[in-house]
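**Q** I have a structure here, written as structure tokens, and I will follow up with some questions on it.
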Amino acid sequence: MITKKLGNRIRELRTQIGLSQEKFAQKIGMDRTYFASVELGKRNISIINLEKIADGLEVTLSELFKDV
């Protein structure tokens with residue numbers, strides 16, 4: 001399922017920059033529980049929130065979707 005693959009990719013990139021879910025969610029202005037559900041692949045996330053995540057990870061949207 002694409003949501004699960006994308007969640008795994010987001011988790012991978014977030015851990016590479018050394019931030020917890022809580023710290024990263026604060027950084028991008030997103031609720032931690034919502035962000036956690038994105039990483040678990042339980043959300044059909046909007047493009048606006050995907051852009052917030054990509055910006056917070058300092059990657060492009062295409063980089064975010066690499067290998068997804």
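Naming works like this for the structure tokens: A, B, ... for the chains as they're shown, residue 1 at the start of each chain, ligands 1 onward in shown order.
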Residues of stretch 25-55 of chain A that approach stretch 17-20 of chain A to 10 Å or less, counting only C-alpha atoms: could you list each one with the shortest pair of atoms and its distance in Å to one decimal, rows by chain and increasing residue number, as JSON lines?

**A**
```
{"residue": "A:Ala25", "atom": "CA", "partner": "A:Ser20", "partner_atom": "CA", "distance": 8.4}
{"residue": "A:Gln26", "atom": "CA", "partner": "A:Ser20", "partner_atom": "CA", "distance": 9.9}
{"residue": "A:Lys27", "atom": "CA", "partner": "A:Leu19", "partner_atom": "CA", "distance": 9.6}
{"residue": "A:Arg32", "atom": "CA", "partner": "A:Ser20", "partner_atom": "CA", "distance": 9.9}
```

**Q** Keeping only N, CA and C atoms, take the residues you just selected and write them out as a PDB file, in the first residue's frame.

**A**
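Contents of the output file again.pdb:
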```pdb
ATOM      1  N   ALA A  25       7.168  17.089  14.360  1.00  0.00           N
ATOM      2  CA  ALA A  25       5.799  17.587  14.238  1.00  0.00           C
ATOM      3  C   ALA A  25       5.718  19.038  14.702  1.00  0.00           C
ATOM      4  N   GLN A  26       6.401  19.370  15.788  1.00  0.00           N
ATOM      5  CA  GLN A  26       6.445  20.758  16.255  1.00  0.00           C
ATOM      6  C   GLN A  26       7.081  21.653  15.201  1.00  0.00           C
ATOM      7  N   LYS A  27       8.165  21.204  14.625  1.00  0.00           N
ATOM      8  CA  LYS A  27       8.909  21.967  13.621  1.00  0.00           C
ATOM      9  C   LYS A  27       8.021  22.352  12.434  1.00  0.00           C
ATOM     10  N   ARG A  32       1.329  15.847  16.706  1.00  0.00           N
ATOM     11  CA  ARG A  32       2.187  14.666  16.757  1.00  0.00           C
ATOM     12  C   ARG A  32       1.424  13.385  16.472  1.00  0.00           C
TER      13      ARG A  32
END
```

**Q** Identify, on the basis of only C-alpha atoms, every residue whose closest approach to A:Ser62 does not exceed 12 Å; exclude the query and any residue fewer than 3 positions from it along the same chain; express the result as a PyMOL selection string.

**A** chain A and resi 6+9+50-51+54-55+58-59+65-68

**Q** Find the residues near A:Arg43: any atom within 10 Å, counting only C-alpha atoms, skip ones fewer than 4 places away on the same chain, and give them as a list in words.

**A**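 Skipping anything fewer than 4 positions along the chain leaves Thr3, Lys4, Gly7, Tyr34, Phe35, Ala36, Ser37, Val38 and Glu39 of chain A.
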
**Q** DSSP on the backbone, then: every residue of chain A marked alpha helix (DSSP H), written as a PyMOL selection string.

**A** chain A and resi 2-16+21-28+32-39+47-57+61-64

**Q** Take the residues that were just selected and, keeping N, CA and C atoms, output them as a compact mmCIF listing (two decimals), in the first residue's frame.

**A**
```txt
# COMPACT_ATOMS: atom_id res chain seq x y z
N ILE A 2 0.55 2.21 -0.81
CA ILE A 2 1.39 3.39 -0.98
C ILE A 2 1.50 4.23 0.30
N THR A 3 0.44 4.28 1.10
CA THR A 3 0.51 5.08 2.32
C THR A 3 1.54 4.50 3.30
N LYS A 4 1.63 3.19 3.35
CA LYS A 4 2.62 2.52 4.21
C LYS A 4 4.04 2.78 3.71
N LYS A 5 4.24 2.66 2.39
CA LYS A 5 5.56 2.91 1.81
C LYS A 5 5.99 4.36 2.03
N LEU A 6 5.06 5.28 1.83
CA LEU A 6 5.37 6.69 2.03
C LEU A 6 5.68 6.97 3.50
N GLY A 7 4.92 6.39 4.40
CA GLY A 7 5.18 6.55 5.83
C GLY A 7 6.56 6.06 6.22
N ASN A 8 6.95 4.92 5.67
CA ASN A 8 8.29 4.38 5.94
C ASN A 8 9.37 5.32 5.41
N ARG A 9 9.14 5.88 4.22
CA ARG A 9 10.10 6.82 3.63
C ARG A 9 10.23 8.07 4.49
N ILE A 10 9.12 8.60 4.96
CA ILE A 10 9.14 9.78 5.81
C ILE A 10 9.90 9.48 7.11
N ARG A 11 9.62 8.33 7.72
CA ARG A 11 10.31 7.94 8.95
C ARG A 11 11.82 7.84 8.72
N GLU A 12 12.18 7.22 7.60
CA GLU A 12 13.60 7.07 7.26
C GLU A 12 14.29 8.43 7.16
N LEU A 13 13.67 9.37 6.46
CA LEU A 13 14.26 10.70 6.30
C LEU A 13 14.29 11.47 7.62
N ARG A 14 13.24 11.32 8.41
CA ARG A 14 13.19 12.02 9.71
C ARG A 14 14.27 11.51 10.64
N THR A 15 14.48 10.21 10.68
CA THR A 15 15.51 9.66 11.58
C THR A 15 16.91 10.05 11.10
N GLN A 16 17.08 10.22 9.79
CA GLN A 16 18.37 10.66 9.27
C GLN A 16 18.75 12.05 9.77
N GLN A 21 9.55 12.09 16.49
CA GLN A 21 8.26 12.45 15.89
C GLN A 21 7.74 13.74 16.49
N GLU A 22 7.85 13.85 17.80
CA GLU A 22 7.33 15.04 18.49
C GLU A 22 8.05 16.31 18.05
N LYS A 23 9.37 16.28 18.03
CA LYS A 23 10.15 17.46 17.64
C LYS A 23 9.89 17.83 16.18
N PHE A 24 9.81 16.81 15.32
CA PHE A 24 9.56 17.09 13.91
C PHE A 24 8.16 17.67 13.70
N ALA A 25 7.17 17.09 14.36
CA ALA A 25 5.80 17.59 14.24
C ALA A 25 5.72 19.04 14.70
N GLN A 26 6.40 19.37 15.79
CA GLN A 26 6.44 20.76 16.26
C GLN A 26 7.08 21.65 15.20
N LYS A 27 8.16 21.20 14.63
CA LYS A 27 8.91 21.97 13.62
C LYS A 27 8.02 22.35 12.43
N ILE A 28 7.16 21.43 12.02
CA ILE A 28 6.34 21.69 10.84
C ILE A 28 4.91 22.15 11.18
N ARG A 32 1.33 15.85 16.71
CA ARG A 32 2.19 14.67 16.76
C ARG A 32 1.42 13.38 16.47
N THR A 33 0.22 13.26 16.98
CA THR A 33 -0.54 12.03 16.75
C THR A 33 -0.94 11.89 15.28
N TYR A 34 -1.25 13.00 14.65
CA TYR A 34 -1.56 12.97 13.21
C TYR A 34 -0.31 12.55 12.44
N PHE A 35 0.83 13.18 12.78
CA PHE A 35 2.07 12.85 12.08
C PHE A 35 2.44 11.38 12.30
N ALA A 36 2.26 10.87 13.51
CA ALA A 36 2.55 9.46 13.79
C ALA A 36 1.69 8.55 12.91
N SER A 37 0.43 8.91 12.72
CA SER A 37 -0.44 8.08 11.88
C SER A 37 -0.03 8.15 10.40
N VAL A 38 0.58 9.26 9.99
CA VAL A 38 1.11 9.37 8.62
C VAL A 38 2.27 8.39 8.47
N GLU A 39 3.18 8.39 9.43
CA GLU A 39 4.33 7.47 9.37
C GLU A 39 3.91 6.01 9.41
N ILE A 47 -1.88 16.90 -0.17
CA ILE A 47 -0.66 17.42 -0.80
C ILE A 47 -0.10 18.59 0.00
N ILE A 48 -0.95 19.36 0.63
CA ILE A 48 -0.49 20.49 1.45
C ILE A 48 0.34 19.98 2.62
N ASN A 49 -0.13 18.94 3.29
CA ASN A 49 0.62 18.38 4.41
C ASN A 49 1.88 17.65 3.94
N LEU A 50 1.82 17.04 2.77
CA LEU A 50 3.02 16.42 2.20
C LEU A 50 4.09 17.48 1.94
N GLU A 51 3.66 18.63 1.47
CA GLU A 51 4.61 19.72 1.22
C GLU A 51 5.23 20.22 2.53
N LYS A 52 4.43 20.32 3.59
CA LYS A 52 4.96 20.71 4.91
C LYS A 52 6.03 19.72 5.37
N ILE A 53 5.75 18.45 5.20
CA ILE A 53 6.69 17.40 5.61
C ILE A 53 7.97 17.48 4.78
N ALA A 54 7.83 17.59 3.47
CA ALA A 54 9.00 17.69 2.59
C ALA A 54 9.84 18.92 2.96
N ASP A 55 9.20 20.05 3.17
CA ASP A 55 9.92 21.26 3.56
C ASP A 55 10.66 21.06 4.88
N GLY A 56 10.00 20.43 5.84
CA GLY A 56 10.62 20.16 7.14
C GLY A 56 11.80 19.23 7.04
N LEU A 57 11.74 18.31 6.09
CA LEU A 57 12.83 17.37 5.87
C LEU A 57 13.90 17.95 4.93
N LEU A 61 9.45 17.31 -3.15
CA LEU A 61 8.39 16.30 -3.15
C LEU A 61 8.84 15.05 -3.91
N SER A 62 9.59 15.25 -5.02
CA SER A 62 10.05 14.07 -5.76
C SER A 62 11.02 13.24 -4.95
N GLU A 63 11.88 13.89 -4.16
CA GLU A 63 12.80 13.14 -3.29
C GLU A 63 12.02 12.40 -2.21
N LEU A 64 10.96 13.03 -1.72
CA LEU A 64 10.13 12.39 -0.70
C LEU A 64 9.53 11.09 -1.23
```
